[in-house]
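Everything on this sheet refers to the single structure shown next.
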Amino acid sequence: RALLSAIPIPDPEIESNRQRILLTGEVPSPINPTPGCRFKSRCSLCDEECRVVQPQLKQVNSKHYVACHHI
């Protein structure tokens with residue numbers, strides 16, 4: 001959602017009421033990752049499962065894959 005909210009509107013004449021989602025929290029170390037989901041420190045949906053279990057990549061349609069416990 002945060003990534004989609006960052007897409008600029010190509011016409012400066014158009015006023016948008018879209019709310020930009022800014023991520024907060026620490027970016028995890030790519031060298032020494034902690035257990036669980038790599039986005040757990042920045043995700044508003046994070047729960048205990050996210051902190052412990054790394055989500056597996058799942059196919060949600062023919063060209064779209066997601067690694068999240070909360071699809």
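Identifiers in this document derive from the order of the structure tokens: chains are assigned A, B, ..., residues are numbered from 1 separately in each chain, and ligands are numbered from 1 in order of occurrence.
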Residues of chain A in strand (DSSP E), written as a PyMOL selection string: chain A and resi 58-61+64-66
Just write the chosen residues, all heavy atoms, as a tab-separated table (two decimals), in the first residue's frame.
```tsv
chain	number	residue	atom	x	y	z
A	58	LYS	N	3.62	-16.86	-2.10
A	58	LYS	CA	2.39	-17.48	-2.58
A	58	LYS	C	1.93	-16.78	-3.85
A	58	LYS	O	2.01	-15.56	-3.96
A	58	LYS	CB	1.28	-17.36	-1.53
A	58	LYS	CG	1.61	-18.01	-0.23
A	58	LYS	CD	0.53	-17.70	0.79
A	58	LYS	CE	1.00	-18.11	2.18
A	58	LYS	NZ	0.12	-17.63	3.21
A	59	GLN	N	1.42	-17.57	-4.78
A	59	GLN	CA	0.89	-17.00	-6.02
A	59	GLN	C	-0.57	-16.62	-5.79
A	59	GLN	O	-1.37	-17.44	-5.37
A	59	GLN	CB	0.98	-18.02	-7.15
A	59	GLN	CG	0.59	-17.45	-8.48
A	59	GLN	CD	0.85	-18.42	-9.61
A	59	GLN	OE1	1.22	-19.57	-9.41
A	59	GLN	NE2	0.67	-17.94	-10.83
A	60	VAL	N	-0.91	-15.34	-6.02
A	60	VAL	CA	-2.29	-14.88	-5.82
A	60	VAL	C	-3.05	-14.74	-7.14
A	60	VAL	O	-4.27	-14.70	-7.13
A	60	VAL	CB	-2.35	-13.57	-5.00
A	60	VAL	CG1	-1.89	-13.81	-3.59
A	60	VAL	CG2	-1.56	-12.46	-5.64
A	61	ASN	N	-2.34	-14.62	-8.25
A	61	ASN	CA	-2.94	-14.74	-9.58
A	61	ASN	C	-1.83	-15.09	-10.55
A	61	ASN	O	-0.70	-15.34	-10.13
A	61	ASN	CB	-3.75	-13.50	-9.99
A	61	ASN	CG	-2.92	-12.26	-10.20
A	61	ASN	OD1	-1.82	-12.33	-10.73
A	61	ASN	ND2	-3.43	-11.11	-9.80
A	64	HIS	N	1.21	-12.55	-10.14
A	64	HIS	CA	1.35	-11.81	-8.89
A	64	HIS	C	1.65	-12.76	-7.74
A	64	HIS	O	0.87	-13.67	-7.46
A	64	HIS	CB	0.07	-11.04	-8.61
A	64	HIS	CG	0.19	-10.04	-7.51
A	64	HIS	ND1	-0.67	-8.99	-7.38
A	64	HIS	CD2	1.05	-9.91	-6.48
A	64	HIS	CE1	-0.35	-8.28	-6.31
A	64	HIS	NE2	0.69	-8.84	-5.77
A	65	TYR	N	2.77	-12.54	-7.09
A	65	TYR	CA	3.21	-13.35	-5.95
A	65	TYR	C	3.32	-12.45	-4.73
A	65	TYR	O	3.73	-11.30	-4.83
A	65	TYR	CB	4.55	-14.01	-6.24
A	65	TYR	CG	4.48	-15.03	-7.34
A	65	TYR	CD1	4.53	-14.66	-8.68
A	65	TYR	CD2	4.37	-16.38	-7.05
A	65	TYR	CE1	4.47	-15.59	-9.69
A	65	TYR	CE2	4.30	-17.33	-8.04
A	65	TYR	CZ	4.36	-16.92	-9.37
A	65	TYR	OH	4.29	-17.86	-10.36
A	66	VAL	N	3.00	-13.01	-3.55
A	66	VAL	CA	3.04	-12.25	-2.32
A	66	VAL	C	3.64	-13.11	-1.22
A	66	VAL	O	3.34	-14.30	-1.13
A	66	VAL	CB	1.60	-11.81	-1.89
A	66	VAL	CG1	1.62	-11.09	-0.57
A	66	VAL	CG2	0.97	-10.94	-2.95
```
For segment 45-52 of chain A, please output as an NGL selection string all residues within 9 Å (counting only C-alpha atoms; exclusion window: fewer than 2 positions along the same chain). :A and (34-43 or 54-55 or 68-70)
Go ahead and write the selection's residues with C-alpha atoms as an mmCIF file, in the first residue's frame.
```cif
data_model
loop_
_atom_site.group_PDB
_atom_site.id
_atom_site.type_symbol
_atom_site.label_atom_id
_atom_site.label_comp_id
_atom_site.auth_asym_id
_atom_site.auth_seq_id
_atom_site.Cartn_x
_atom_site.Cartn_y
_atom_site.Cartn_z
ATOM 1 C CA THR A 34 16.097 -11.507 12.342
ATOM 2 C CA PRO A 35 13.519 -14.336 12.387
ATOM 3 C CA GLY A 36 10.092 -13.705 10.892
ATOM 4 C CA CYS A 37 8.949 -11.327 8.218
ATOM 5 C CA ARG A 38 11.509 -8.819 6.982
ATOM 6 C CA PHE A 39 8.931 -6.022 7.053
ATOM 7 C CA LYS A 40 7.669 -6.664 10.603
ATOM 8 C CA SER A 41 9.200 -3.496 12.065
ATOM 9 C CA ARG A 42 7.426 -1.324 9.467
ATOM 10 C CA CYS A 43 4.106 -3.105 8.941
ATOM 11 C CA GLN A 54 8.989 -15.964 7.706
ATOM 12 C CA PRO A 55 6.099 -15.896 5.187
ATOM 13 C CA CYS A 68 2.709 -12.152 3.610
ATOM 14 C CA HIS A 69 0.688 -13.876 6.325
ATOM 15 C CA HIS A 70 -2.127 -11.318 5.823
#
```
Run DSSP on the backbone and grab whatever in chain A lands in alpha helix (DSSP H); send it over as a ChimeraX atom specification. /A:2-5,48-52
